[in-house]
Amino acid sequence: MSWLTSLALYIIHAVYLLASSLSFLRNPLTYTSPRPIDAKRKLTPKHLALVFTGCDSNEMDNLEDILLENIEGVVSWCHLSGIQRLTVYDREAGLISRSSLNLRKRLIEQTGVSPKESSDESEIEYPLTPPLTDESRSLSPDREVTPDLRVITINATASRERRRDQRGVVKRRNSSKKQTNSSISPVTLHLISRESGKPAIASVANSLFQTHQRSERDDLNYSINDITSILEGELGFPEPDLMIVHQVSPSHPRKPLELYGFPPWQIRLTEIRHTRDRSLSKWWNAQNPQFLDEIDFREALDAFDSAEMRVGR
Amino acid sequence: MMSDFISRSLGWVSAKAQDILLRILASGPVPKHVGFIMDGNRRYARMHQQEVKAGHAEGYVALRRVLEICMRLNICCVSVYGFSIENFKRSPQEVEDLLSLVQEKLLEICQYGDLLDEHGIRLNVIGNKTLFPPRLQAASRKAEEMTRKNNRAILNLCMPYTSRDEIFTAIQETIQEKLDSDSPFGEITEDDIDAHIMTNAAGSPPLDILVRTSGVKRLSDYLLWQGCEDTQIQYTDGYWPEFGLWDFIPILLDYQRKAWSTPAHARDLS
């Protein structure tokens, strides 16, 4: 009878596969397009995390360029939507971390203004944080050992100058927009990998152990808040409000959500979503990696806006 | 009479069909460890114009139903989020109602032990139990002792629990172990911390699936260390008291699809 149960199981799977494959068909009566990126929302995440999965550079040409271009796009959407912090996760620290200098250059080029454009100028500065080497570990005078958290941070600070024409009139980039005195919203970009997760927690444990060994004290005097302030402090990155998991290599139906080793400490209250199947045409172009679309981004923002946060209550 | 007969017959047919379906599903790969965030008891109660207490009681009925399904599918470890450390922020009345319900069910296990003994399930109460009142700590200890002899499956009742508290406790224990050891050399690794994670220390296998009900798309500080890698996260829209076999089938089918497509998984399962 086991062949019969196996056959029955395969039939069940075939029916499920068919149903899953058609999941991209949305009901035209109920589907509403996501709101524009810069639409006013009750809740906008301050910190967005982006997880790219299925990035096998052996299978896809120019994957690095494609991903960097996508990240550039996401940074600009963050600017438009008011998101102040973006964390991009690349599991193996290969692709994105190797390209961090290239990414910095591209971000500068993206936000720079051509001399032929209208008046406003902005300068984006990208001070570098310490490199990902053991040199980041140091002994401070009070004998504390700094853990190695493996996070690359690119801080974008912007200043805006208004150029005046000969009559002293301030020219505006877009005269229909109300002039504000604020700068372009800066976006802080964190590039992380699996090393920024469990190994970083082990590194914190190590640093606490070594600090304790060097001190004269008997008791281990630290709390959960101490761990949090290290992992989410200057050398680390804080909790994202929203995480989008995006499958770069197309598969149909879409694989269930997984986190691929994303740092566990920081996802306590994070809204975690993955982009959905939106059309079979993406699957037919299976050789081409799939960008994170602006529509995916807007849908995620809208969904976050409608989420309810109770925190235990 | 006739309507009774028909309704009994339909019930028998439904039970038989469910039994056959479970056997068919169990013939394929099954996860070793499934976690549940049992969310939505209170909203379920409000939807049915009931008191919150009644929603939690329905939630317990759902838990028994789901445990039965998991055992019949030969899933050898189930972890459920019974009570979050954050839940202490709820109204005193609700906290008291919840703790009373937990104590009542733990005592029921001690008194009858039916489902757990029938399936050889060992109960572990995972969490920072010092935060519980003494009566609940005693009930937890008694329930764990009563089922310690069972070795076919594990039920982790996480309460009062948060993942950060669990990871922090593991860090503390790892550091203390190293300080106490004869050779405190070498660096602390993630495997050292992993060994002190409470579910792992209690003998649980790696987490294969984590389910959250009620449409919420967060992990709410539950099984973060265990679930951040090689774990399928499944969200379902219905409230926990409504969760049943039909909600679980697509989750299981997704797991089986992954198992068949991953060579490492296929090796583990063989």
# chains A, B, ... in the order shown; residues from 1 in each chain; ligands from 1
call {"tool": "residues_around", "arguments": {"residues": "segment 192-207 of chain B", "least_positions_apart": "5", "cutoff": "7 Å", "atoms": "only C-alpha atoms", "output": "PyMOL selection string"}}
result
chain B and resi 32-34+77+126+166-167+170-171+173-174+226-227+231
call {"tool": "interface_residues", "arguments": {"of": "chain B", "to": "chain A", "cutoff": "8 Å", "atoms": "only C-alpha atoms", "output": "PyMOL selection string"}}
result
chain B and resi 23-25+27-28+84-90+163-165+168+171+175+179+187-190+193+216-222+224-225+227-234+250+253-254
call {"tool": "select_by_dssp", "arguments": {"residues": "segment 3-53 of chain A", "states": "helix (DSSP H, G or I)", "output": "list in words"}}
result
Trp3, Leu4, Thr5, Ser6, Leu7, Ala8, Leu9, Tyr10, Ile11, Ile12, His13, Ala14, Val15, Tyr16, Leu17, Leu18, Ala19, Ser20, Ser21, Leu22, Ser23 and Phe24 of chain A
call {"tool": "atom_distance", "arguments": {"atom1": "atom CA of Leu301 of chain A", "atom2": "atom CA of Pro45 of chain A"}}
result
7.6 Å
call {"tool": "residues_around", "arguments": {"residues": "segment 81-92 of chain A", "least_positions_apart": "2", "cutoff": "9 Å", "atoms": "only C-alpha atoms", "output": "ChimeraX atom specification"}}
result
/A:36-40,44-53,55,71,74-79,94-97,153,185-195,237,240,243,260-262,301
call {"tool": "residues_around", "arguments": {"residues": "His56 of chain B", "least_positions_apart": "6", "cutoff": "9 Å", "atoms": "only C-alpha atoms", "output": "NGL selection string"}}
result
:B and (41-42 or 45 or 98 or 101 or 241)
call {"tool": "atom_distance", "arguments": {"atom1": "atom CA of Val248 of chain A", "atom2": "atom CA of Ser100 of chain A"}}
result
19.2 Å
call {"tool": "atom_distance", "arguments": {"atom1": "atom CA of Lys258 of chain B", "atom2": "atom CA of Asn70 of chain A"}}
result
27.9 Å
call {"tool": "residues_around", "arguments": {"residues": "Ser140 of chain B", "least_positions_apart": "4", "cutoff": "9 Å", "atoms": "only C-alpha atoms", "output": "list of chain:residue names"}}
result
B:Gln103, B:Leu106, B:Leu107, B:Asn124, B:Val125, B:Lys129, B:Arg135, B:Leu136, B:Glu144, B:Glu145
call {"tool": "residues_around", "arguments": {"residues": "segment 10-19 of chain B", "least_positions_apart": "5", "cutoff": "9 Å", "atoms": "only C-alpha atoms", "output": "compact mmCIF listing (two decimals) with N, CA and C atoms, in the first residue's frame"}}
result
# COMPACT_ATOMS: atom_id res chain seq x y z
N PHE B 5 -28.19 9.81 13.49
CA PHE B 5 -27.45 8.77 12.78
C PHE B 5 -26.61 9.40 11.68
N ILE B 24 -1.20 9.78 4.62
CA ILE B 24 -0.60 10.13 3.31
C ILE B 24 0.48 11.19 3.51
N ARG B 72 0.56 12.68 15.23
CA ARG B 72 0.17 11.69 14.24
C ARG B 72 0.98 11.81 12.96
N LEU B 245 -6.04 21.37 10.91
CA LEU B 245 -5.34 20.56 9.91
C LEU B 245 -5.28 21.26 8.56
